[in-house]
Amino acid sequence: MAFLTPFGGAATPDARTLSWFPVVGALLGAVLGGVWWGAQELWPPLVAAVVVVAADLALTGMLHLDGLADSADGLLPPVDRQRRLEIMAEPGVGAFGVAVVATVLLLRVACLAALDADVLLLAGIWSGSRTVMAVAARALPYARSSGGLARAFLGGDWRTVGLAGLILAVSLGAVAGGRQSELAVALGMAAGGAVVLMARRRLGGFTGDVLGAAGVLAETAALLVAAARW
């Protein structure tokens, strides 16, 4: 809770922290699902969707969105590995980061506005996104030679947390709405995995920003699939 949200106190993360990522993700999703349900009772779908997106930013302290912006600035331009890491460490946000963040926020609002409020769906999606983050942190080397809070996560077997998180996330999706919701959770996790693979190829491993970007894009891809008209 302390690492993934502004809550939980000043606890220092370690390798065991990752085992709780899928559970904390499910709790965050369930809270957001409750906000979504309440907001749809009070306002039109579009307004309710904006409220949910704002609540997500508040509950995560905008940490993952910041990671998305930094990762877009570092991973997308045609520069060498060292320059990518330098860009991601800079405090400012460039054109790639602004464009990607704006697009993602618009997609999240549009998808939520097109769906009926579903607590279990968001619980499954958010659990899946944190599972991707946990697996990436255990399966890949850390891209920077020194520094970075994410270094505390190094070590441990990624398969245990990956399997447990996959079962939890997909099960919540299945209970939420059958095959489409189940598929949304699974494809969302695959999209987050694609971000991680890009980082592995272009950076040589993961950073905290990459974990945040993978989580946000996993959630957004899952919402897109859930809102699709098959």
# chains A, B, ... in the order shown; residues from 1 in each chain; ligands from 1
call {"tool": "closest_atom_pairs", "arguments": {"of": "region 54-158 of chain A", "to": "region 199-214 of chain A", "cutoff": "9 Å", "atoms": "only C-alpha atoms", "output": "Markdown table"}}
result
| residue | atom | partner | partner_atom | distance |
| --- | --- | --- | --- | --- |
| A:Leu63 | CA | A:Gly212 | CA | 7.1 |
| A:His64 | CA | A:Gly212 | CA | 4.0 |
| A:Leu65 | CA | A:Gly212 | CA | 6.8 |
| A:Asp66 | CA | A:Asp209 | CA | 7.3 |
| A:Gly67 | CA | A:Asp209 | CA | 3.8 |
| A:Leu68 | CA | A:Ala213 | CA | 4.0 |
| A:Ala69 | CA | A:Ala213 | CA | 7.7 |
| A:Asp70 | CA | A:Asp209 | CA | 6.4 |
| A:Ser71 | CA | A:Val210 | CA | 5.9 |
| A:Ala72 | CA | A:Ala213 | CA | 8.2 |
| A:Leu75 | CA | A:Arg202 | CA | 6.8 |
| A:Asp80 | CA | A:Arg202 | CA | 8.1 |
| A:Arg81 | CA | A:Leu203 | CA | 5.5 |
| A:Gln82 | CA | A:Leu203 | CA | 8.0 |
| A:Arg84 | CA | A:Leu203 | CA | 7.3 |
| A:Leu85 | CA | A:Leu203 | CA | 7.3 |
| A:Met88 | CA | A:Asp209 | CA | 7.7 |
| A:Ser129 | CA | A:Ala214 | CA | 7.3 |
| A:Arg130 | CA | A:Leu211 | CA | 8.7 |
| A:Val132 | CA | A:Ala214 | CA | 7.2 |
| A:Met133 | CA | A:Leu211 | CA | 5.1 |
| A:Ala134 | CA | A:Leu211 | CA | 8.2 |
| A:Ala136 | CA | A:Phe206 | CA | 7.2 |
| A:Ala137 | CA | A:Phe206 | CA | 6.9 |
| A:Leu140 | CA | A:Gly205 | CA | 5.5 |
| A:Pro141 | CA | A:Gly205 | CA | 4.9 |
| A:Tyr142 | CA | A:Phe206 | CA | 5.2 |
| A:Ala143 | CA | A:Gly205 | CA | 4.4 |
| A:Arg144 | CA | A:Thr207 | CA | 7.3 |
| A:Gly148 | CA | A:Gly208 | CA | 7.3 |
| A:Leu149 | CA | A:Gly208 | CA | 7.3 |
| A:Ala150 | CA | A:Gly208 | CA | 5.4 |
| A:Arg151 | CA | A:Thr207 | CA | 8.4 |
call {"tool": "select_by_dssp", "arguments": {"residues": "chain A", "states": "alpha helix (DSSP H)", "output": "PyMOL selection string"}}
result
chain A and resi 21-42+45-59+63-75+81-89+95-114+119-139+158-177+179-203+208-227
call {"tool": "residues_around", "arguments": {"residues": "region 107-114 of chain A", "least_positions_apart": "6", "cutoff": "7 Å", "atoms": "only C-alpha atoms", "output": "list in words"}}
result
Pro45, Leu46, Ala49, Val50, Val53, Thr220, Leu223, Leu224 and Ala227 of chain A
call {"tool": "atom_distance", "arguments": {"atom1": "CA of Phe21 (chain A)", "atom2": "CA of Gly188 (chain A)"}}
result
16.1 Å
call {"tool": "residues_around", "arguments": {"residues": "Asp118 (chain A)", "least_positions_apart": "6", "cutoff": "8 Å", "atoms": "only C-alpha atoms", "output": "list in words"}}
result
Gly33, Trp36, Trp37 and Ala176 of chain A
call {"tool": "write_last_selection", "arguments": {"atoms": "N, CA and C atoms", "output": "PDB file, in the first residue's frame"}}
result
ATOM      1  N   GLY A  33     -14.181   0.895  -8.479  1.00  0.00           N
ATOM      2  CA  GLY A  33     -15.465   0.393  -8.953  1.00  0.00           C
ATOM      3  C   GLY A  33     -16.615   0.934  -8.129  1.00  0.00           C
ATOM      4  N   TRP A  36     -17.132   4.431  -9.143  1.00  0.00           N
ATOM      5  CA  TRP A  36     -17.792   4.409 -10.455  1.00  0.00           C
ATOM      6  C   TRP A  36     -19.290   4.196 -10.312  1.00  0.00           C
ATOM      7  N   TRP A  37     -19.670   3.213  -9.513  1.00  0.00           N
ATOM      8  CA  TRP A  37     -21.096   2.919  -9.301  1.00  0.00           C
ATOM      9  C   TRP A  37     -21.811   4.131  -8.691  1.00  0.00           C
ATOM     10  N   ALA A 176     -17.029 -11.010 -13.243  1.00  0.00           N
ATOM     11  CA  ALA A 176     -17.599  -9.702 -13.569  1.00  0.00           C
ATOM     12  C   ALA A 176     -18.534  -9.747 -14.760  1.00  0.00           C
TER      13      ALA A 176
END
call {"tool": "closest_residue", "arguments": {"among": "A:Ala102, A:Ala95, A:Leu59, A:Val170", "to": "Leu76 (chain A)", "atoms": "only C-alpha atoms"}}
result
A:Ala95
call {"tool": "atom_distance", "arguments": {"atom1": "CA of Leu4 (chain A)", "atom2": "CA of Arg179 (chain A)"}}
result
28.8 Å
call {"tool": "atom_distance", "arguments": {"atom1": "CA of Asp73 (chain A)", "atom2": "CA of Val100 (chain A)"}}
result
9.1 Å
call {"tool": "closest_residue", "arguments": {"among": "A:Thr12, A:Ser171, A:Thr17, A:Gln180", "to": "Arg138 (chain A)", "atoms": "only C-alpha atoms"}}
result
A:Thr17
call {"tool": "closest_residue", "arguments": {"among": "A:Gly162, A:Trp20, A:Ala54, A:Ala26", "to": "Leu106 (chain A)", "atoms": "only C-alpha atoms"}}
result
A:Ala54
call {"tool": "closest_residue", "arguments": {"among": "A:Ala99, A:Ala39, A:Val161, A:Val185", "to": "Gly215 (chain A)", "atoms": "only C-alpha atoms"}}
result
A:Val185
call {"tool": "decode", "arguments": {"residues": "region 5-73 of chain A", "atoms": "C-alpha atoms", "output": "CSV table (one decimal), in the first residue's frame"}}
result
chain,number,residue,atom,x,y,z
A,5,THR,CA,-0.6,4.5,-3.1
A,6,PRO,CA,0.0,7.6,-1.0
A,7,PHE,CA,-1.4,5.6,1.9
A,8,GLY,CA,0.1,3.0,4.1
A,9,GLY,CA,2.8,5.0,5.9
A,10,ALA,CA,6.5,5.2,5.1
A,11,ALA,CA,7.3,1.5,4.9
A,12,THR,CA,10.5,0.5,3.1
A,13,PRO,CA,9.8,-1.9,0.2
A,14,ASP,CA,11.7,-5.2,-0.2
A,15,ALA,CA,11.4,-8.3,-2.4
A,16,ARG,CA,8.4,-9.5,-0.4
A,17,THR,CA,6.5,-6.4,-1.3
A,18,LEU,CA,5.9,-7.6,-4.9
A,19,SER,CA,3.9,-10.6,-3.6
A,20,TRP,CA,1.2,-8.2,-2.5
A,21,PHE,CA,0.9,-6.2,-5.7
A,22,PRO,CA,-2.0,-8.3,-7.2
A,23,VAL,CA,-4.0,-8.1,-4.0
A,24,VAL,CA,-3.4,-4.3,-3.6
A,25,GLY,CA,-4.3,-3.9,-7.2
A,26,ALA,CA,-7.6,-5.7,-6.7
A,27,LEU,CA,-8.4,-3.6,-3.7
A,28,LEU,CA,-7.7,-0.4,-5.6
A,29,GLY,CA,-9.9,-1.5,-8.5
A,30,ALA,CA,-12.7,-2.4,-6.1
A,31,VAL,CA,-12.6,1.0,-4.5
A,32,LEU,CA,-12.6,2.7,-7.9
A,33,GLY,CA,-15.5,0.4,-9.0
A,34,GLY,CA,-17.4,1.6,-6.0
A,35,VAL,CA,-16.7,5.2,-6.9
A,36,TRP,CA,-17.8,4.4,-10.5
A,37,TRP,CA,-21.1,2.9,-9.3
A,38,GLY,CA,-21.8,5.9,-7.0
A,39,ALA,CA,-20.8,8.4,-9.7
A,40,GLN,CA,-23.1,6.8,-12.3
A,41,GLU,CA,-26.0,7.1,-9.8
A,42,LEU,CA,-25.4,10.9,-9.5
A,43,TRP,CA,-24.2,12.0,-12.9
A,44,PRO,CA,-24.3,11.2,-16.6
A,45,PRO,CA,-21.8,8.5,-17.8
A,46,LEU,CA,-19.3,11.0,-19.1
A,47,VAL,CA,-19.1,13.0,-15.9
A,48,ALA,CA,-19.0,9.7,-13.9
A,49,ALA,CA,-16.1,8.5,-16.0
A,50,VAL,CA,-14.1,11.6,-15.4
A,51,VAL,CA,-14.7,11.3,-11.6
A,52,VAL,CA,-13.4,7.7,-11.7
A,53,VAL,CA,-10.2,8.7,-13.6
A,54,ALA,CA,-9.6,11.6,-11.2
A,55,ALA,CA,-10.1,9.2,-8.2
A,56,ASP,CA,-7.6,6.8,-9.7
A,57,LEU,CA,-5.0,9.6,-10.0
A,58,ALA,CA,-5.7,10.5,-6.4
A,59,LEU,CA,-5.4,6.9,-5.1
A,60,THR,CA,-2.1,6.3,-6.9
A,61,GLY,CA,-0.7,9.8,-6.2
A,62,MET,CA,-0.2,10.1,-10.0
A,63,LEU,CA,2.9,8.0,-9.6
A,64,HIS,CA,2.1,5.6,-12.5
A,65,LEU,CA,1.0,8.4,-14.8
A,66,ASP,CA,4.3,10.1,-14.2
A,67,GLY,CA,6.0,6.9,-15.1
A,68,LEU,CA,4.0,6.7,-18.3
A,69,ALA,CA,5.1,10.2,-19.3
A,70,ASP,CA,8.8,9.6,-18.5
A,71,SER,CA,8.7,6.2,-20.3
A,72,ALA,CA,7.1,7.6,-23.4
A,73,ASP,CA,9.8,10.4,-23.5
